[in-house]
file model-v1.cif (mmCIF, N, CA and C atoms)
data_data
#
loop_
_atom_site.label_atom_id
_atom_site.label_comp_id
_atom_site.auth_asym_id
_atom_site.auth_seq_id
_atom_site.Cartn_x
_atom_site.Cartn_y
_atom_site.Cartn_z
N MET A 1 -4.95 5.69 0.36
CA MET A 1 -3.81 5.90 -0.51
C MET A 1 -4.29 5.98 -1.94
N PHE A 2 -3.81 6.93 -2.67
CA PHE A 2 -4.17 7.18 -4.06
C PHE A 2 -5.65 7.54 -4.22
N GLU A 3 -6.19 8.23 -3.22
CA GLU A 3 -7.59 8.63 -3.28
C GLU A 3 -7.85 9.63 -4.41
N ALA A 4 -6.85 10.40 -4.77
CA ALA A 4 -7.01 11.42 -5.82
C ALA A 4 -7.05 10.80 -7.22
N GLN A 5 -6.58 9.57 -7.36
CA GLN A 5 -6.57 8.92 -8.65
C GLN A 5 -7.89 8.17 -8.86
N SER A 6 -8.31 8.11 -10.11
CA SER A 6 -9.53 7.37 -10.40
C SER A 6 -9.27 5.87 -10.25
N GLN A 7 -10.34 5.16 -9.95
CA GLN A 7 -10.22 3.70 -9.81
C GLN A 7 -9.79 3.09 -11.15
N THR A 8 -10.26 3.65 -12.24
CA THR A 8 -9.89 3.16 -13.57
C THR A 8 -8.39 3.29 -13.79
N GLU A 9 -7.83 4.45 -13.41
CA GLU A 9 -6.39 4.66 -13.57
C GLU A 9 -5.60 3.65 -12.75
N LEU A 10 -6.01 3.44 -11.49
CA LEU A 10 -5.31 2.47 -10.64
C LEU A 10 -5.41 1.06 -11.21
N GLU A 11 -6.57 0.69 -11.70
CA GLU A 11 -6.74 -0.64 -12.28
C GLU A 11 -5.83 -0.84 -13.49
N GLU A 12 -5.69 0.21 -14.32
CA GLU A 12 -4.80 0.12 -15.48
C GLU A 12 -3.35 -0.05 -15.05
N ILE A 13 -2.95 0.70 -14.04
CA ILE A 13 -1.57 0.57 -13.53
C ILE A 13 -1.35 -0.84 -12.99
N MET A 14 -2.31 -1.35 -12.22
CA MET A 14 -2.16 -2.68 -11.63
C MET A 14 -2.14 -3.78 -12.67
N LYS A 15 -2.88 -3.60 -13.76
CA LYS A 15 -2.86 -4.59 -14.84
C LYS A 15 -1.48 -4.65 -15.49
N GLY A 16 -0.85 -3.49 -15.61
CA GLY A 16 0.42 -3.42 -16.32
C GLY A 16 1.66 -3.57 -15.46
N ASN A 17 1.48 -3.59 -14.13
CA ASN A 17 2.65 -3.64 -13.25
C ASN A 17 2.37 -4.55 -12.06
N ILE A 18 2.89 -5.76 -12.13
CA ILE A 18 2.64 -6.76 -11.09
C ILE A 18 3.17 -6.30 -9.74
N GLU A 19 4.37 -5.72 -9.71
CA GLU A 19 4.95 -5.27 -8.44
C GLU A 19 4.06 -4.21 -7.79
N PHE A 20 3.57 -3.27 -8.59
CA PHE A 20 2.69 -2.23 -8.06
C PHE A 20 1.43 -2.86 -7.47
N ARG A 21 0.84 -3.80 -8.20
CA ARG A 21 -0.39 -4.46 -7.73
C ARG A 21 -0.15 -5.19 -6.41
N GLN A 22 0.93 -5.95 -6.33
CA GLN A 22 1.23 -6.70 -5.12
C GLN A 22 1.46 -5.76 -3.93
N LEU A 23 2.23 -4.70 -4.16
CA LEU A 23 2.48 -3.73 -3.09
C LEU A 23 1.21 -3.00 -2.66
N TYR A 24 0.37 -2.67 -3.63
CA TYR A 24 -0.88 -1.97 -3.34
C TYR A 24 -1.76 -2.82 -2.42
N PHE A 25 -1.93 -4.09 -2.76
CA PHE A 25 -2.77 -4.95 -1.93
C PHE A 25 -2.11 -5.29 -0.60
N ARG A 26 -0.79 -5.38 -0.57
CA ARG A 26 -0.08 -5.60 0.71
C ARG A 26 -0.27 -4.39 1.61
N HIS A 27 -0.19 -3.19 1.06
CA HIS A 27 -0.40 -1.97 1.84
C HIS A 27 -1.81 -1.95 2.40
N LYS A 28 -2.80 -2.30 1.59
CA LYS A 28 -4.19 -2.32 2.05
C LYS A 28 -4.37 -3.34 3.17
N GLU A 29 -3.75 -4.51 3.03
CA GLU A 29 -3.83 -5.55 4.05
C GLU A 29 -3.22 -5.07 5.36
N LEU A 30 -2.04 -4.47 5.27
CA LEU A 30 -1.38 -3.97 6.47
C LEU A 30 -2.17 -2.83 7.10
N ASP A 31 -2.76 -1.97 6.28
CA ASP A 31 -3.57 -0.87 6.79
C ASP A 31 -4.72 -1.41 7.64
N LYS A 32 -5.37 -2.44 7.14
CA LYS A 32 -6.49 -3.04 7.87
C LYS A 32 -6.02 -3.69 9.17
N LYS A 33 -4.88 -4.41 9.11
CA LYS A 33 -4.36 -5.07 10.31
C LYS A 33 -3.95 -4.05 11.37
N VAL A 34 -3.27 -2.98 10.94
CA VAL A 34 -2.84 -1.94 11.89
C VAL A 34 -4.06 -1.29 12.54
N LEU A 35 -5.05 -0.95 11.74
CA LEU A 35 -6.26 -0.34 12.28
C LEU A 35 -6.93 -1.28 13.28
N ASN A 36 -7.08 -2.54 12.92
CA ASN A 36 -7.70 -3.51 13.84
C ASN A 36 -6.89 -3.69 15.11
N ALA A 37 -5.58 -3.67 15.00
CA ALA A 37 -4.72 -3.78 16.18
C ALA A 37 -4.90 -2.57 17.08
N GLU A 38 -4.95 -1.39 16.48
CA GLU A 38 -5.12 -0.16 17.27
C GLU A 38 -6.49 -0.09 17.92
N LEU A 39 -7.49 -0.71 17.30
CA LEU A 39 -8.84 -0.74 17.87
C LEU A 39 -9.02 -1.87 18.89
N GLY A 40 -8.02 -2.75 18.97
CA GLY A 40 -8.09 -3.86 19.92
C GLY A 40 -8.80 -5.08 19.37
N VAL A 41 -9.14 -5.08 18.09
CA VAL A 41 -9.82 -6.21 17.46
C VAL A 41 -8.82 -7.33 17.15
N PHE A 42 -7.62 -6.93 16.83
CA PHE A 42 -6.55 -7.85 16.44
C PHE A 42 -5.43 -7.71 17.46
N ALA A 43 -5.24 -8.72 18.29
CA ALA A 43 -4.26 -8.64 19.37
C ALA A 43 -2.85 -8.88 18.86
N VAL A 44 -2.00 -7.87 19.02
CA VAL A 44 -0.58 -8.00 18.68
C VAL A 44 0.23 -7.23 19.72
N ASP A 45 1.48 -7.64 19.87
CA ASP A 45 2.35 -6.91 20.80
C ASP A 45 2.88 -5.65 20.11
N GLU A 46 3.45 -4.76 20.89
CA GLU A 46 3.92 -3.48 20.36
C GLU A 46 4.99 -3.64 19.29
N ALA A 47 5.87 -4.61 19.47
CA ALA A 47 6.94 -4.83 18.50
C ALA A 47 6.36 -5.24 17.14
N THR A 48 5.37 -6.12 17.17
CA THR A 48 4.73 -6.57 15.93
C THR A 48 3.98 -5.42 15.27
N LEU A 49 3.28 -4.63 16.06
CA LEU A 49 2.55 -3.48 15.53
C LEU A 49 3.52 -2.49 14.89
N SER A 50 4.61 -2.22 15.57
CA SER A 50 5.62 -1.31 15.01
C SER A 50 6.18 -1.83 13.70
N GLN A 51 6.43 -3.13 13.64
CA GLN A 51 6.95 -3.74 12.41
C GLN A 51 5.94 -3.62 11.28
N MET A 52 4.67 -3.85 11.57
CA MET A 52 3.63 -3.73 10.54
C MET A 52 3.54 -2.29 10.04
N LYS A 53 3.66 -1.33 10.94
CA LYS A 53 3.61 0.08 10.55
C LYS A 53 4.80 0.44 9.67
N ARG A 54 5.98 -0.07 10.01
CA ARG A 54 7.17 0.20 9.19
C ARG A 54 7.02 -0.41 7.80
N GLU A 55 6.51 -1.64 7.74
CA GLU A 55 6.32 -2.30 6.46
C GLU A 55 5.27 -1.57 5.62
N LYS A 56 4.21 -1.12 6.28
CA LYS A 56 3.16 -0.37 5.58
C LYS A 56 3.72 0.92 5.00
N LEU A 57 4.51 1.64 5.78
CA LEU A 57 5.12 2.88 5.32
C LEU A 57 6.09 2.63 4.17
N ALA A 58 6.87 1.57 4.26
CA ALA A 58 7.81 1.24 3.18
C ALA A 58 7.05 0.92 1.90
N ALA A 59 5.94 0.21 2.02
CA ALA A 59 5.13 -0.11 0.84
C ALA A 59 4.56 1.17 0.23
N LYS A 60 4.08 2.06 1.09
CA LYS A 60 3.51 3.33 0.61
C LYS A 60 4.59 4.16 -0.10
N ASP A 61 5.77 4.24 0.50
CA ASP A 61 6.86 5.00 -0.11
C ASP A 61 7.22 4.43 -1.48
N ARG A 62 7.32 3.11 -1.58
CA ARG A 62 7.67 2.47 -2.86
C ARG A 62 6.56 2.70 -3.89
N LEU A 63 5.30 2.56 -3.47
CA LEU A 63 4.18 2.79 -4.39
C LEU A 63 4.20 4.22 -4.91
N THR A 64 4.42 5.17 -4.03
CA THR A 64 4.46 6.57 -4.42
C THR A 64 5.60 6.82 -5.41
N GLN A 65 6.76 6.23 -5.11
CA GLN A 65 7.91 6.36 -6.00
C GLN A 65 7.61 5.77 -7.37
N MET A 66 7.01 4.60 -7.40
CA MET A 66 6.67 3.94 -8.66
C MET A 66 5.65 4.78 -9.44
N TYR A 67 4.65 5.27 -8.75
CA TYR A 67 3.61 6.07 -9.41
C TYR A 67 4.21 7.34 -10.01
N ASP A 68 5.06 8.01 -9.22
CA ASP A 68 5.70 9.23 -9.72
C ASP A 68 6.53 8.94 -10.98
N GLN A 69 7.26 7.83 -10.98
CA GLN A 69 8.06 7.45 -12.14
C GLN A 69 7.17 7.21 -13.36
N MET A 70 6.02 6.56 -13.16
CA MET A 70 5.11 6.29 -14.27
C MET A 70 4.54 7.59 -14.84
N GLN A 71 4.33 8.59 -14.01
CA GLN A 71 3.77 9.85 -14.47
C GLN A 71 4.77 10.65 -15.30
N LYS A 72 6.06 10.41 -15.08
CA LYS A 72 7.10 11.12 -15.82
C LYS A 72 7.26 10.59 -17.23
N HIS A 73 6.81 9.37 -17.46
CA HIS A 73 6.99 8.74 -18.79
C HIS A 73 5.75 8.85 -19.61
#

call {"tool": "encode", "arguments": {"input": "model-v1.cif", "output": "structure tokens"}}
result
Amino acid sequence: MFEAQSQTELEEIMKGNIEFRQLYFRHKELDKKVLNAELGVFAVDEATLSQMKREKLAAKDRLTQMYDQMQKH
């Protein structure tokens, strides 16, 4: 996520926006958990996996929305 942006730009955004920083790291955490679950490293039931995927997508959507708003200003 946000691979096209420089690390410096992301760090500046995270310094200035606590919500963005928290969501960014939550998304990264969920991404790792979902990947590990799909690889069988992290045992979870289907309902839990689906919930993690929904939460990850919601975080991504919110981050994208926030980033787009910042670019307009």

call {"tool": "atom_distance", "arguments": {"input": "model-v1.cif", "atom1": "atom C of Val44 (chain A)", "atom2": "CA of Lys60 (chain A)"}}
result
22.1 Å

call {"tool": "resolve_selection", "arguments": {"input": "model-v1.cif", "expression": "the PyMOL selection byres (((chain A and resi 18-27 and name CA) around 12) and name CA)", "output": "PDB file with N, CA and C atoms, keeping the file's coordinate frame"}}
result
ATOM      1  N   MET A   1      -4.950   5.690   0.360  1.00  0.00           N
ATOM      2  CA  MET A   1      -3.810   5.900  -0.510  1.00  0.00           C
ATOM      3  C   MET A   1      -4.290   5.980  -1.940  1.00  0.00           C
ATOM      4  N   PHE A   2      -3.810   6.930  -2.670  1.00  0.00           N
ATOM      5  CA  PHE A   2      -4.170   7.180  -4.060  1.00  0.00           C
ATOM      6  C   PHE A   2      -5.650   7.540  -4.220  1.00  0.00           C
ATOM      7  N   LEU A  10      -6.010   3.440 -11.490  1.00  0.00           N
ATOM      8  CA  LEU A  10      -5.310   2.470 -10.640  1.00  0.00           C
ATOM      9  C   LEU A  10      -5.410   1.060 -11.210  1.00  0.00           C
ATOM     10  N   GLU A  11      -6.570   0.690 -11.700  1.00  0.00           N
ATOM     11  CA  GLU A  11      -6.740  -0.640 -12.280  1.00  0.00           C
ATOM     12  C   GLU A  11      -5.830  -0.840 -13.490  1.00  0.00           C
ATOM     13  N   GLU A  12      -5.690   0.210 -14.320  1.00  0.00           N
ATOM     14  CA  GLU A  12      -4.800   0.120 -15.480  1.00  0.00           C
ATOM     15  C   GLU A  12      -3.350  -0.050 -15.050  1.00  0.00           C
ATOM     16  N   ILE A  13      -2.950   0.700 -14.040  1.00  0.00           N
ATOM     17  CA  ILE A  13      -1.570   0.570 -13.530  1.00  0.00           C
ATOM     18  C   ILE A  13      -1.350  -0.840 -12.990  1.00  0.00           C
ATOM     19  N   MET A  14      -2.310  -1.350 -12.220  1.00  0.00           N
ATOM     20  CA  MET A  14      -2.160  -2.680 -11.630  1.00  0.00           C
ATOM     21  C   MET A  14      -2.140  -3.780 -12.670  1.00  0.00           C
ATOM     22  N   LYS A  15      -2.880  -3.600 -13.760  1.00  0.00           N
ATOM     23  CA  LYS A  15      -2.860  -4.590 -14.840  1.00  0.00           C
ATOM     24  C   LYS A  15      -1.480  -4.650 -15.490  1.00  0.00           C
ATOM     25  N   GLY A  16      -0.850  -3.490 -15.610  1.00  0.00           N
ATOM     26  CA  GLY A  16       0.420  -3.420 -16.320  1.00  0.00           C
ATOM     27  C   GLY A  16       1.660  -3.570 -15.460  1.00  0.00           C
ATOM     28  N   ASN A  17       1.480  -3.590 -14.130  1.00  0.00           N
ATOM     29  CA  ASN A  17       2.650  -3.640 -13.250  1.00  0.00           C
ATOM     30  C   ASN A  17       2.370  -4.550 -12.060  1.00  0.00           C
ATOM     31  N   LYS A  28      -2.800  -2.300   1.590  1.00  0.00           N
ATOM     32  CA  LYS A  28      -4.190  -2.320   2.050  1.00  0.00           C
ATOM     33  C   LYS A  28      -4.370  -3.340   3.170  1.00  0.00           C
ATOM     34  N   GLU A  29      -3.750  -4.510   3.030  1.00  0.00           N
ATOM     35  CA  GLU A  29      -3.830  -5.550   4.050  1.00  0.00           C
ATOM     36  C   GLU A  29      -3.220  -5.070   5.360  1.00  0.00           C
ATOM     37  N   LEU A  30      -2.040  -4.470   5.270  1.00  0.00           N
ATOM     38  CA  LEU A  30      -1.380  -3.970   6.470  1.00  0.00           C
ATOM     39  C   LEU A  30      -2.170  -2.830   7.100  1.00  0.00           C
ATOM     40  N   ASP A  31      -2.760  -1.970   6.280  1.00  0.00           N
ATOM     41  CA  ASP A  31      -3.570  -0.870   6.790  1.00  0.00           C
ATOM     42  C   ASP A  31      -4.720  -1.410   7.640  1.00  0.00           C
ATOM     43  N   LYS A  32      -5.370  -2.440   7.140  1.00  0.00           N
ATOM     44  CA  LYS A  32      -6.490  -3.040   7.870  1.00  0.00           C
ATOM     45  C   LYS A  32      -6.020  -3.690   9.170  1.00  0.00           C
ATOM     46  N   LYS A  33      -4.880  -4.410   9.110  1.00  0.00           N
ATOM     47  CA  LYS A  33      -4.360  -5.070  10.310  1.00  0.00           C
ATOM     48  C   LYS A  33      -3.950  -4.050  11.370  1.00  0.00           C
ATOM     49  N   VAL A  34      -3.270  -2.980  10.940  1.00  0.00           N
ATOM     50  CA  VAL A  34      -2.840  -1.940  11.890  1.00  0.00           C
ATOM     51  C   VAL A  34      -4.060  -1.290  12.540  1.00  0.00           C
ATOM     52  N   MET A  52       4.670  -3.850  11.570  1.00  0.00           N
ATOM     53  CA  MET A  52       3.630  -3.730  10.540  1.00  0.00           C
ATOM     54  C   MET A  52       3.540  -2.290  10.040  1.00  0.00           C
ATOM     55  N   LYS A  53       3.660  -1.330  10.940  1.00  0.00           N
ATOM     56  CA  LYS A  53       3.610   0.080  10.550  1.00  0.00           C
ATOM     57  C   LYS A  53       4.800   0.440   9.670  1.00  0.00           C
ATOM     58  N   ARG A  54       5.980  -0.070  10.010  1.00  0.00           N
ATOM     59  CA  ARG A  54       7.170   0.200   9.190  1.00  0.00           C
ATOM     60  C   ARG A  54       7.020  -0.410   7.800  1.00  0.00           C
ATOM     61  N   GLU A  55       6.510  -1.640   7.740  1.00  0.00           N
ATOM     62  CA  GLU A  55       6.320  -2.300   6.460  1.00  0.00           C
ATOM     63  C   GLU A  55       5.270  -1.570   5.620  1.00  0.00           C
ATOM     64  N   LYS A  56       4.210  -1.120   6.280  1.00  0.00           N
ATOM     65  CA  LYS A  56       3.160  -0.370   5.580  1.00  0.00           C
ATOM     66  C   LYS A  56       3.720   0.920   5.000  1.00  0.00           C
ATOM     67  N   LEU A  57       4.510   1.640   5.780  1.00  0.00           N
ATOM     68  CA  LEU A  57       5.120   2.880   5.320  1.00  0.00           C
ATOM     69  C   LEU A  57       6.090   2.630   4.170  1.00  0.00           C
ATOM     70  N   ALA A  58       6.870   1.570   4.260  1.00  0.00           N
ATOM     71  CA  ALA A  58       7.810   1.240   3.180  1.00  0.00           C
ATOM     72  C   ALA A  58       7.050   0.920   1.900  1.00  0.00           C
ATOM     73  N   ALA A  59       5.940   0.210   2.020  1.00  0.00           N
ATOM     74  CA  ALA A  59       5.130  -0.110   0.840  1.00  0.00           C
ATOM     75  C   ALA A  59       4.560   1.170   0.230  1.00  0.00           C
ATOM     76  N   LYS A  60       4.080   2.060   1.090  1.00  0.00           N
ATOM     77  CA  LYS A  60       3.510   3.330   0.610  1.00  0.00           C
ATOM     78  C   LYS A  60       4.590   4.160  -0.100  1.00  0.00           C
ATOM     79  N   ASP A  61       5.770   4.240   0.500  1.00  0.00           N
ATOM     80  CA  ASP A  61       6.860   5.000  -0.110  1.00  0.00           C
ATOM     81  C   ASP A  61       7.220   4.430  -1.480  1.00  0.00           C
ATOM     82  N   ARG A  62       7.320   3.110  -1.580  1.00  0.00           N
ATOM     83  CA  ARG A  62       7.670   2.470  -2.860  1.00  0.00           C
ATOM     84  C   ARG A  62       6.560   2.700  -3.890  1.00  0.00           C
ATOM     85  N   LEU A  63       5.300   2.560  -3.470  1.00  0.00           N
ATOM     86  CA  LEU A  63       4.180   2.790  -4.390  1.00  0.00           C
ATOM     87  C   LEU A  63       4.200   4.220  -4.910  1.00  0.00           C
ATOM     88  N   THR A  64       4.420   5.170  -4.030  1.00  0.00           N
ATOM     89  CA  THR A  64       4.460   6.570  -4.420  1.00  0.00           C
ATOM     90  C   THR A  64       5.600   6.820  -5.410  1.00  0.00           C
ATOM     91  N   GLN A  65       6.760   6.230  -5.110  1.00  0.00           N
ATOM     92  CA  GLN A  65       7.910   6.360  -6.000  1.00  0.00           C
ATOM     93  C   GLN A  65       7.610   5.770  -7.370  1.00  0.00           C
ATOM     94  N   MET A  66       7.010   4.600  -7.400  1.00  0.00           N
ATOM     95  CA  MET A  66       6.670   3.940  -8.660  1.00  0.00           C
ATOM     96  C   MET A  66       5.650   4.780  -9.440  1.00  0.00           C
ATOM     97  N   TYR A  67       4.650   5.270  -8.750  1.00  0.00           N
ATOM     98  CA  TYR A  67       3.610   6.070  -9.410  1.00  0.00           C
ATOM     99  C   TYR A  67       4.210   7.340 -10.010  1.00  0.00           C
ATOM    100  N   ASP A  68       5.060   8.010  -9.220  1.00  0.00           N
ATOM    101  CA  ASP A  68       5.700   9.230  -9.720  1.00  0.00           C
ATOM    102  C   ASP A  68       6.530   8.940 -10.980  1.00  0.00           C
ATOM    103  N   GLN A  69       7.260   7.830 -10.980  1.00  0.00           N
ATOM    104  CA  GLN A  69       8.060   7.450 -12.140  1.00  0.00           C
ATOM    105  C   GLN A  69       7.170   7.210 -13.360  1.00  0.00           C
ATOM    106  N   MET A  70       6.020   6.560 -13.160  1.00  0.00           N
ATOM    107  CA  MET A  70       5.110   6.290 -14.270  1.00  0.00           C
ATOM    108  C   MET A  70       4.540   7.590 -14.840  1.00  0.00           C
TER     109      MET A  70
END

call {"tool": "atom_distance", "arguments": {"input": "model-v1.cif", "atom1": "CA of His73 (chain A)", "atom2": "CA of Glu9 (chain A)"}}
result
14.9 Å

call {"tool": "select_by_dssp", "arguments": {"input": "model-v1.cif", "residues": "chain A", "states": "helix (DSSP H, G or I)", "output": "MDAnalysis selection string"}}
result
chainID A and resid 7:16 18:39 46:72

call {"tool": "atom_distance", "arguments": {"input": "model-v1.cif", "atom1": "CA of Leu35 (chain A)", "atom2": "atom N of Thr48 (chain A)"}}
result
13.9 Å

call {"tool": "decode", "arguments": {"input": "model-v1.cif", "residues": "region 14-32 of chain A", "atoms": "N, CA, C and O atoms", "output": "short mmCIF file (atom, residue, chain, number, x, y, z; two decimals), in the first residue's frame"}}
result
data_model
loop_
_atom_site.label_atom_id
_atom_site.label_comp_id
_atom_site.auth_asym_id
_atom_site.auth_seq_id
_atom_site.Cartn_x
_atom_site.Cartn_y
_atom_site.Cartn_z
N MET A 14 2.60 10.69 8.42
CA MET A 14 2.39 10.01 9.69
C MET A 14 2.77 10.87 10.89
O MET A 14 2.14 10.78 11.93
N LYS A 15 3.78 11.72 10.72
CA LYS A 15 4.15 12.63 11.80
C LYS A 15 3.04 13.64 12.08
O LYS A 15 2.81 14.02 13.22
N GLY A 16 2.38 14.07 11.01
CA GLY A 16 1.38 15.12 11.14
C GLY A 16 -0.04 14.63 11.35
O GLY A 16 -0.92 15.44 11.62
N ASN A 17 -0.27 13.32 11.22
CA ASN A 17 -1.64 12.82 11.32
C ASN A 17 -1.65 11.50 12.08
O ASN A 17 -1.33 10.45 11.52
N ILE A 18 -2.04 11.56 13.34
CA ILE A 18 -2.03 10.38 14.20
C ILE A 18 -2.97 9.30 13.69
O ILE A 18 -2.63 8.12 13.69
N GLU A 19 -4.16 9.70 13.23
CA GLU A 19 -5.13 8.71 12.74
C GLU A 19 -4.56 7.96 11.53
O GLU A 19 -4.67 6.74 11.44
N PHE A 20 -3.93 8.69 10.62
CA PHE A 20 -3.33 8.06 9.45
C PHE A 20 -2.25 7.06 9.88
O PHE A 20 -2.21 5.95 9.39
N ARG A 21 -1.40 7.48 10.81
CA ARG A 21 -0.32 6.60 11.29
C ARG A 21 -0.89 5.33 11.92
O ARG A 21 -0.44 4.22 11.61
N GLN A 22 -1.88 5.47 12.78
CA GLN A 22 -2.47 4.31 13.44
C GLN A 22 -3.11 3.36 12.42
O GLN A 22 -2.93 2.15 12.51
N LEU A 23 -3.85 3.92 11.48
CA LEU A 23 -4.49 3.10 10.45
C LEU A 23 -3.46 2.42 9.55
O LEU A 23 -3.63 1.25 9.18
N TYR A 24 -2.40 3.14 9.22
CA TYR A 24 -1.35 2.58 8.36
C TYR A 24 -0.72 1.35 9.02
O TYR A 24 -0.59 0.30 8.39
N PHE A 25 -0.36 1.48 10.30
CA PHE A 25 0.26 0.34 10.98
C PHE A 25 -0.74 -0.78 11.26
O PHE A 25 -0.38 -1.95 11.24
N ARG A 26 -2.00 -0.43 11.49
CA ARG A 26 -3.03 -1.47 11.67
C ARG A 26 -3.21 -2.23 10.37
O ARG A 26 -3.33 -3.47 10.37
N HIS A 27 -3.22 -1.54 9.24
CA HIS A 27 -3.35 -2.20 7.94
C HIS A 27 -2.17 -3.14 7.72
O HIS A 27 -2.35 -4.27 7.28
N LYS A 28 -0.96 -2.69 8.02
CA LYS A 28 0.23 -3.53 7.85
C LYS A 28 0.15 -4.77 8.74
O LYS A 28 0.49 -5.87 8.32
N GLU A 29 -0.32 -4.60 9.98
CA GLU A 29 -0.46 -5.71 10.91
C GLU A 29 -1.47 -6.73 10.37
O GLU A 29 -1.22 -7.94 10.38
N LEU A 30 -2.61 -6.23 9.91
CA LEU A 30 -3.64 -7.12 9.38
C LEU A 30 -3.16 -7.81 8.11
O LEU A 30 -3.45 -8.99 7.90
N ASP A 31 -2.42 -7.10 7.27
CA ASP A 31 -1.89 -7.68 6.05
C ASP A 31 -1.01 -8.88 6.38
O ASP A 31 -1.11 -9.95 5.76
N LYS A 32 -0.16 -8.72 7.38
CA LYS A 32 0.74 -9.80 7.78
C LYS A 32 -0.05 -10.99 8.36
O LYS A 32 0.22 -12.14 8.03
#
